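Remarks on the structure that follows.
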Amino acid sequence: MSDAFTTRMLHVSTGSRERVVDLTADCEEFLREAAAGRDGLLNIFVPHATAGIAVIETGSGSDDDLLAALHTLLPADDRWQHRHGSPGHGRDHVMPAFVPPHATLPVIGGRLELGTWQSVCLVDTNKDNPDRRVRLSFYG
C-alpha cells in the first residue's frame with residue numbers, strides 16, 4: 001500500500017456498561033507514524049452496527065450528558081422491533097443513525113486539527129458486545 005494511504009485497526013474493550021471512550025491519544029499516536037508531518041485526512045470508522053464515533057468534549061461531564069441524551073431519545077425498553085440481546089437492545093441498532101459509525105477529520109502538519117476542547121470518541125451503548133474494533137485510516 002502506498003504511503004499516501006495508511007490504515008490500522010484498534011481493539012477497544014468497552015466492558016459490560018455503556019461507554020464513551022476517548023480515542024484522541026490513539027489517533028495522535030497513529031498520525032505520528034502514518035502522517036509523518038504531512039497534511040491529509042484521518043478517517044475513523046467503527047465496523048459495528050451498534051457503536052458510533054463522536055467528536056465531543058470529554059472530562060467535564062459531556063460524555064455522560066451524551067449517554068443521558070441517548071437514553072432520553074432512545075430508551076432501553078421493549079418498544080423496539082429488533083429484540084435479540086439485552087432488554088432494549090433494539091435501540092443500540094438505531095443509535096448509529098444519531099451518532100454515526102465514522103468521522104473524517106483534517107490533519108495539518110501531521111497533527112489532528114481539533115478544537116481546544118474536542119476529542120474523538122467511541123460511543124458504545126451495547127452492553128452485549130464488550131470488544132470493539134476501530135479502523136483508523138490516513139490519506140495524505
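Ordering of the C-alpha cells sets the chain letters (A, B, ...), residue numbers begin anew at 1 in every chain, and ligands are numbered from 1 in the order given.
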- Task: Run DSSP on the backbone of this structure and report the residues of chain A it assigns to strand (DSSP E or B), as a VMD selection string.
- Result: chain A and resid 5 to 13 19 to 22 40 to 45 51 to 56 102 to 108 111 to 112 119 to 124 131 to 139
- Query: Which residues, written as a ChimeraX atom specification, have at least one atom at most 10 Å from segment 115-125 of chain A, with only C-alpha atoms counted and residues fewer than 3 positions away on the same chain left out?
  - Reply: /A:12,14-27,44-46,48,50-60,63,66-67,70-71,76,89,91-93,95-96,99-103,105,112,128-130,132-134
- Task: Could you please write out, as a PyMOL selection string, every residue of chain A that DSSP assigns to alpha helix (DSSP H)?
- Result: chain A and resi 24-34+62-73+90-94
Could you please take those selected residues and save N, CA and C atoms as a short mmCIF file (atom, residue, chain, number, x, y, z; two decimals), in the first residue's frame?
data_model
loop_
_atom_site.label_atom_id
_atom_site.label_comp_id
_atom_site.auth_asym_id
_atom_site.auth_seq_id
_atom_site.Cartn_x
_atom_site.Cartn_y
_atom_site.Cartn_z
N THR A 24 -8.65 9.95 21.24
CA THR A 24 -7.80 11.01 20.72
C THR A 24 -6.32 10.65 20.78
N ALA A 25 -5.86 10.14 21.90
CA ALA A 25 -4.44 9.77 22.03
C ALA A 25 -4.06 8.67 21.04
N ASP A 26 -4.96 7.71 20.82
CA ASP A 26 -4.71 6.65 19.84
C ASP A 26 -4.60 7.23 18.44
N CYS A 27 -5.48 8.18 18.12
CA CYS A 27 -5.44 8.84 16.81
C CYS A 27 -4.14 9.60 16.63
N GLU A 28 -3.73 10.33 17.65
CA GLU A 28 -2.50 11.12 17.57
C GLU A 28 -1.27 10.21 17.42
N GLU A 29 -1.26 9.10 18.15
CA GLU A 29 -0.14 8.15 18.04
C GLU A 29 -0.07 7.58 16.62
N PHE A 30 -1.20 7.19 16.08
CA PHE A 30 -1.26 6.68 14.72
C PHE A 30 -0.74 7.70 13.73
N LEU A 31 -1.14 8.97 13.88
CA LEU A 31 -0.74 10.01 12.94
C LEU A 31 0.75 10.34 13.02
N ARG A 32 1.36 10.20 14.19
CA ARG A 32 2.80 10.46 14.30
C ARG A 32 3.56 9.58 13.30
N GLU A 33 3.12 8.33 13.17
CA GLU A 33 3.78 7.41 12.24
C GLU A 33 3.21 7.55 10.83
N ALA A 34 1.90 7.53 10.69
CA ALA A 34 1.27 7.48 9.37
C ALA A 34 1.38 8.79 8.60
N SER A 62 -19.64 16.06 29.62
CA SER A 62 -20.31 15.99 28.32
C SER A 62 -20.48 14.55 27.84
N ASP A 63 -19.52 13.68 28.16
CA ASP A 63 -19.65 12.29 27.74
C ASP A 63 -20.82 11.63 28.47
N ASP A 64 -20.99 11.90 29.76
CA ASP A 64 -22.15 11.39 30.49
C ASP A 64 -23.45 12.03 30.00
N ASP A 65 -23.38 13.32 29.65
CA ASP A 65 -24.55 14.01 29.10
C ASP A 65 -24.98 13.37 27.78
N LEU A 66 -24.00 12.97 26.95
CA LEU A 66 -24.33 12.32 25.69
C LEU A 66 -25.06 11.00 25.93
N LEU A 67 -24.56 10.20 26.86
CA LEU A 67 -25.24 8.94 27.17
C LEU A 67 -26.64 9.19 27.73
N ALA A 68 -26.79 10.22 28.57
CA ALA A 68 -28.11 10.55 29.13
C ALA A 68 -29.06 11.00 28.01
N ALA A 69 -28.55 11.79 27.07
CA ALA A 69 -29.39 12.24 25.95
C ALA A 69 -29.82 11.06 25.09
N LEU A 70 -28.91 10.12 24.87
CA LEU A 70 -29.27 8.93 24.10
C LEU A 70 -30.32 8.10 24.83
N HIS A 71 -30.24 8.06 26.17
CA HIS A 71 -31.26 7.34 26.96
C HIS A 71 -32.63 8.01 26.81
N THR A 72 -32.64 9.34 26.79
CA THR A 72 -33.90 10.06 26.63
C THR A 72 -34.47 9.85 25.23
N LEU A 73 -33.60 9.98 24.24
CA LEU A 73 -34.01 9.86 22.84
C LEU A 73 -34.33 8.41 22.46
N GLY A 90 -32.65 -3.21 20.87
CA GLY A 90 -33.03 -2.65 19.57
C GLY A 90 -32.59 -1.21 19.42
N ARG A 91 -32.61 -0.46 20.51
CA ARG A 91 -32.18 0.95 20.44
C ARG A 91 -30.71 1.07 20.07
N ASP A 92 -29.90 0.06 20.46
CA ASP A 92 -28.48 0.09 20.12
C ASP A 92 -28.27 0.06 18.61
N HIS A 93 -29.20 -0.58 17.90
CA HIS A 93 -29.11 -0.66 16.44
C HIS A 93 -29.61 0.62 15.76
N VAL A 94 -30.36 1.44 16.49
CA VAL A 94 -30.83 2.71 15.96
C VAL A 94 -29.82 3.83 16.27
#
- Query: Counting only C-alpha atoms, which of A:Phe138, A:His11, A:Ala49, A:Pro87 gets nearest to Arg111 of chain A?
  - Reply: A:Phe138
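Interatomic distance, atom CA of His82 of chain A against atom CA of Ser13 of chain A: 24.3 Å.
Between atom CA of Arg79 of chain A and atom CA of Pro47 of chain A lies a distance of 25.5 Å.
In this comparison, which uses only C-alpha atoms, the residue of A:Ile108, A:Ala97, A:Leu136, A:Met9 approaching Gly40 of chain A most closely is A:Ile108.
One finds atom CA of Asp39 of chain A at 5.9 Å from atom CA of Gly110 of chain A.
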